[in-house]
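S.K.: File name my_file.txt; file contents compact mmCIF, C-alpha atoms; full text below.
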# COMPACT_ATOMS: atom_id res chain seq x y z
CA MET A 847 6.55 4.87 19.89
CA ASP A 848 10.20 4.54 20.82
CA ASN A 849 12.99 6.75 19.52
CA THR A 850 14.37 4.14 17.11
CA LEU A 851 12.85 4.28 13.64
CA LYS A 852 12.00 0.83 12.37
CA PRO A 853 12.10 -0.04 8.66
CA SER A 854 8.46 -1.14 8.91
CA THR A 855 5.95 0.33 11.35
CA GLN A 856 2.21 -0.15 11.57
CA ILE A 857 0.39 3.19 11.76
CA ASN A 858 -3.20 3.16 13.02
CA SER A 859 -4.05 6.82 13.54
CA PRO A 860 -3.13 10.35 12.50
CA GLU A 861 -1.46 10.76 15.89
CA GLU A 862 0.79 7.74 15.32
CA LEU A 863 1.70 9.01 11.84
CA GLY A 864 2.52 12.43 13.25
CA GLN A 865 4.71 10.93 15.95
CA TYR A 866 6.57 8.77 13.44
CA LEU A 867 7.15 11.73 11.11
CA LEU A 868 8.36 13.85 14.03
CA GLU A 869 10.87 11.14 14.97
CA ALA A 870 11.95 10.75 11.33
CA ARG A 871 12.56 14.50 11.03
CA LYS A 872 14.52 14.61 14.27
CA SER A 873 16.62 11.58 13.25
CA LEU A 874 17.66 13.60 10.18
CA LYS A 875 18.46 16.55 12.47
CA LEU A 876 16.10 18.84 10.57
CA THR A 877 14.03 21.66 11.99
CA GLN A 878 10.36 22.09 11.10
CA LYS A 879 11.36 25.08 9.00
CA GLU A 880 14.04 23.13 7.11
CA ILE A 881 11.80 20.17 6.27
CA SER A 882 8.91 22.47 5.31
CA GLU A 883 11.17 24.21 2.79
CA PHE A 884 12.57 20.94 1.49
CA ALA A 885 9.07 19.39 1.13
CA ASP A 886 7.64 22.65 -0.27
CA VAL A 887 4.92 22.81 2.38
CA GLY A 888 4.27 25.40 5.06
CA ARG A 889 5.76 25.12 8.54
CA LYS A 890 2.21 25.26 9.92
CA PHE A 891 1.47 22.04 7.98
CA ILE A 892 4.49 20.34 9.59
CA ILE A 893 3.34 21.43 13.05
CA GLU A 894 -0.20 20.18 12.43
CA ILE A 895 0.80 16.80 10.98
CA GLU A 896 3.27 16.17 13.80
CA LYS A 897 0.42 16.84 16.26
CA GLY A 898 -1.72 14.26 14.46
CA LYS A 899 -4.16 16.51 12.63
CA ALA A 900 -6.66 14.18 10.97
CA THR A 901 -7.54 16.49 8.08
CA ALA A 902 -4.09 16.85 6.53
CA GLN A 903 -3.96 17.21 2.74
CA LEU A 904 -2.93 13.87 1.29
CA GLY A 905 -0.74 15.35 -1.45
CA LYS A 906 1.26 17.29 1.10
CA VAL A 907 1.62 14.17 3.24
CA PHE A 908 3.20 12.37 0.28
CA GLU A 909 5.57 15.31 -0.32
CA LEU A 910 6.60 15.18 3.33
CA LEU A 911 7.08 11.39 3.26
CA SER A 912 9.27 11.69 0.19
CA SER A 913 11.33 14.49 1.73
CA LEU A 914 11.97 12.33 4.80
CA GLY A 915 13.03 9.39 2.64
CA LEU A 916 9.91 7.39 3.50
CA GLU A 917 7.49 5.37 1.38
CA LEU A 918 3.89 4.38 2.05
CA HIS A 919 3.04 0.69 1.65
CA LEU A 920 -0.40 -0.79 2.14
CA ILE A 921 -0.82 -4.40 3.26
CA LYS A 922 -4.12 -6.19 3.48
CA ARG A 923 -4.86 -7.08 7.10
CA GLY A 924 -4.01 -10.63 7.99
CA GLU A 925 -1.59 -10.99 5.08
CA ASN A 926 1.59 -9.54 6.53
Would it be possible to restate this file's structure as C-alpha cells?

M.R.:
Amino acid sequence: MDNTLKPSTQINSPEELGQYLLEARKSLKLTQKEISEFADVGRKFIIEIEKGKATAQLGKVFELLSSLGLELHLIKRGEN
C-alpha cells in the first residue's frame, strides 16, 4: 500500500487492514497511545491490529475506525 490514503480502498486481509489503519493514524499525526485513548481501546490492541492480527475484536475495530474518521462499506463482488 502506498503512503497516500485513498477515499476507497479494497481490503482483502487483516494485514492490509492493519497497514491501512497504520497509515491513517500516521496521516493524522497520532501516536499509538493517543489513538488508543481516543478510541477507548488498549495500546496493545492498536499494536496488534496494525500488525494484522486476524483475531481482533470486531467492536474495538469499529471504535478504532470511527476514531480515525473511517467508515466500513461492504460491496457485493462484481457490483462495484

S.K.: Near Lys872 in chain A, within 12 Å and counting all atoms listed in the file, which residues show up once chain neighbours fewer than 6 positions away are dropped, as a list in words?

M.R.: Asn849, Thr850, Leu851, Gln865, Tyr866, Gln878, Glu880, Ile881, Glu896 and Leu914 of chain A

S.K.: Can you tell me which residues surround Glu861 in chain A at a distance of at most 10 Å, considering all atoms listed in the file, apart from same-chain residues fewer than 6 positions away, and format the answer as a PyMOL selection string?

M.R.: chain A and resi 867+895-900

S.K.: Please indicate the distance in Å from CA of His919 in chain A to CA of Ile893 in chain A, rounded to one decimal place.

M.R.: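 Distance between the two atoms: 23.7 Å.
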
S.K.: Provide the CA of Thr855 in chain A to CA of Glu869 in chain A distance in Å, to one decimal place.

M.R.: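 CA of Glu869 in chain A lies 12.4 Å from CA of Thr855 in chain A.
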
S.K.: Using 5 Å of padding on each side, determine the axis-aligned box around all atoms of range 878-886 of chain A present in the file and give its centre and edge lengths in Å to one decimal, as JSON.

M.R.:
{"center_x": 10.8, "center_y": 22.2, "center_z": 5.4, "size_x": 16.4, "size_y": 15.7, "size_z": 21.4}

S.K.: Just the number, please: distance in Å from CA of Leu916 in chain A to CA of Leu874 in chain A, one decimal.

M.R.: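 It comes out at 12.0 Å.
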
S.K.: Distance cut-off 12 Å, centre (4.8, 23.0, 5.9) in file coordinates, counting only C-alpha atoms: which residues qualify? Return them as a PyMOL selection string.

M.R.: chain A and resi 877-896+902-903+905-907+909-910+913

S.K.: Take the residues that were just selected and, keeping C-alpha atoms, output them as a PDB file, keeping the file's coordinate frame.

M.R.:
ATOM      1  CA  THR A 877      14.030  21.660  11.990  1.00  0.00           C
ATOM      2  CA  GLN A 878      10.360  22.090  11.100  1.00  0.00           C
ATOM      3  CA  LYS A 879      11.360  25.080   9.000  1.00  0.00           C
ATOM      4  CA  GLU A 880      14.040  23.130   7.110  1.00  0.00           C
ATOM      5  CA  ILE A 881      11.800  20.170   6.270  1.00  0.00           C
ATOM      6  CA  SER A 882       8.910  22.470   5.310  1.00  0.00           C
ATOM      7  CA  GLU A 883      11.170  24.210   2.790  1.00  0.00           C
ATOM      8  CA  PHE A 884      12.570  20.940   1.490  1.00  0.00           C
ATOM      9  CA  ALA A 885       9.070  19.390   1.130  1.00  0.00           C
ATOM     10  CA  ASP A 886       7.640  22.650  -0.270  1.00  0.00           C
ATOM     11  CA  VAL A 887       4.920  22.810   2.380  1.00  0.00           C
ATOM     12  CA  GLY A 888       4.270  25.400   5.060  1.00  0.00           C
ATOM     13  CA  ARG A 889       5.760  25.120   8.540  1.00  0.00           C
ATOM     14  CA  LYS A 890       2.210  25.260   9.920  1.00  0.00           C
ATOM     15  CA  PHE A 891       1.470  22.040   7.980  1.00  0.00           C
ATOM     16  CA  ILE A 892       4.490  20.340   9.590  1.00  0.00           C
ATOM     17  CA  ILE A 893       3.340  21.430  13.050  1.00  0.00           C
ATOM     18  CA  GLU A 894      -0.200  20.180  12.430  1.00  0.00           C
ATOM     19  CA  ILE A 895       0.800  16.800  10.980  1.00  0.00           C
ATOM     20  CA  GLU A 896       3.270  16.170  13.800  1.00  0.00           C
ATOM     21  CA  ALA A 902      -4.090  16.850   6.530  1.00  0.00           C
ATOM     22  CA  GLN A 903      -3.960  17.210   2.740  1.00  0.00           C
ATOM     23  CA  GLY A 905      -0.740  15.350  -1.450  1.00  0.00           C
ATOM     24  CA  LYS A 906       1.260  17.290   1.100  1.00  0.00           C
ATOM     25  CA  VAL A 907       1.620  14.170   3.240  1.00  0.00           C
ATOM     26  CA  GLU A 909       5.570  15.310  -0.320  1.00  0.00           C
ATOM     27  CA  LEU A 910       6.600  15.180   3.330  1.00  0.00           C
ATOM     28  CA  SER A 913      11.330  14.490   1.730  1.00  0.00           C
TER      29      SER A 913
END
